[in-house]
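**Student:** Provided herewith is a single structure, encoded as structure tokens, for subsequent inquiry.
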Amino acid sequence: MTDKQTITYDGKEYDVSDLGDKEAYMYAQVRTLRKRIADARFDLDQLVMAENAFANTLVNSLTKEGDTKNDRDNGIDD
């Protein structure tokens, strides 16, 4: 038993194999673009998380460096 690939628009179901050449081309474009958009969102999530990690590391480093400088200024050594 094979499952027919269908699309639904405005409550009506269409069999993909019955689409004309132009419609089939547009359908393939939409599917590919939706996949690429999902992949781009996935990549963006990774980039945002990495940027946050680098920014937090920088802030922690600057804060620690500032504390160490303040300690030295107050006569406290590490």
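In the structure tokens, chains take the letters A, B, ... in the order shown, each chain's residues start at 1, and ligands count up from 1 in the order shown.
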I'd like to know which residues of chain A are strand (DSSP E) (by DSSP, run on the backbone); could you write them as an MDAnalysis selection string?

**Tutor:** chainID A and resid 6:9 12:15

**Student:** Just the alpha helix (DSSP H) stuff from chain A, please, per backbone DSSP, written as JSON, numbers by chain.

**Tutor:** {"A": [21, 22, 23, 24, 25, 26, 27, 28, 29, 30, 31, 32, 33, 34, 35, 36, 37, 38, 39, 40, 41, 42, 43, 44, 45, 46, 47, 48, 49, 50, 51, 52, 53, 54, 55, 56, 57, 58, 59, 60, 61, 62, 63, 64, 65, 66, 67, 68, 69, 70, 71, 72, 73]}

**Student:** Applying 12 Å and only C-alpha atoms, which residues near Asp3 in chain A remain after dropping the ones on its own chain fewer than 3 positions away? List them as a list in words.

**Tutor:** Thr6, Asp15, Val16 and Ser17 of chain A

**Student:** Residues of the last selection are to be written out with C-alpha atoms, as a compact mmCIF listing (two decimals), in the first residue's frame.

**Tutor:**
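Here's the written file again.txt:
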# COMPACT_ATOMS: atom_id res chain seq x y z
CA THR A 6 -1.45 15.33 -0.96
CA ASP A 15 -3.08 14.78 -5.04
CA VAL A 16 0.47 15.95 -5.81
CA SER A 17 0.73 13.51 -8.71

**Student:** Just to confirm, what's the straight-line distance from CA of Asp18 in chain A to CA of Arg36 in chain A in Å (one decimal)?

**Tutor:** 25.4 Å

**Student:** May I ask for the distance between CA of Ala28 in chain A and CA of Arg41 in chain A, given in Å to one decimal place?

**Tutor:** 20.0 Å

**Student:** So how far away is CA of Met49 in chain A from CA of Val30 in chain A, in Å?

**Tutor:**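 Calculated distance between CA of Val30 in chain A and CA of Met49 in chain A is 28.5 Å.
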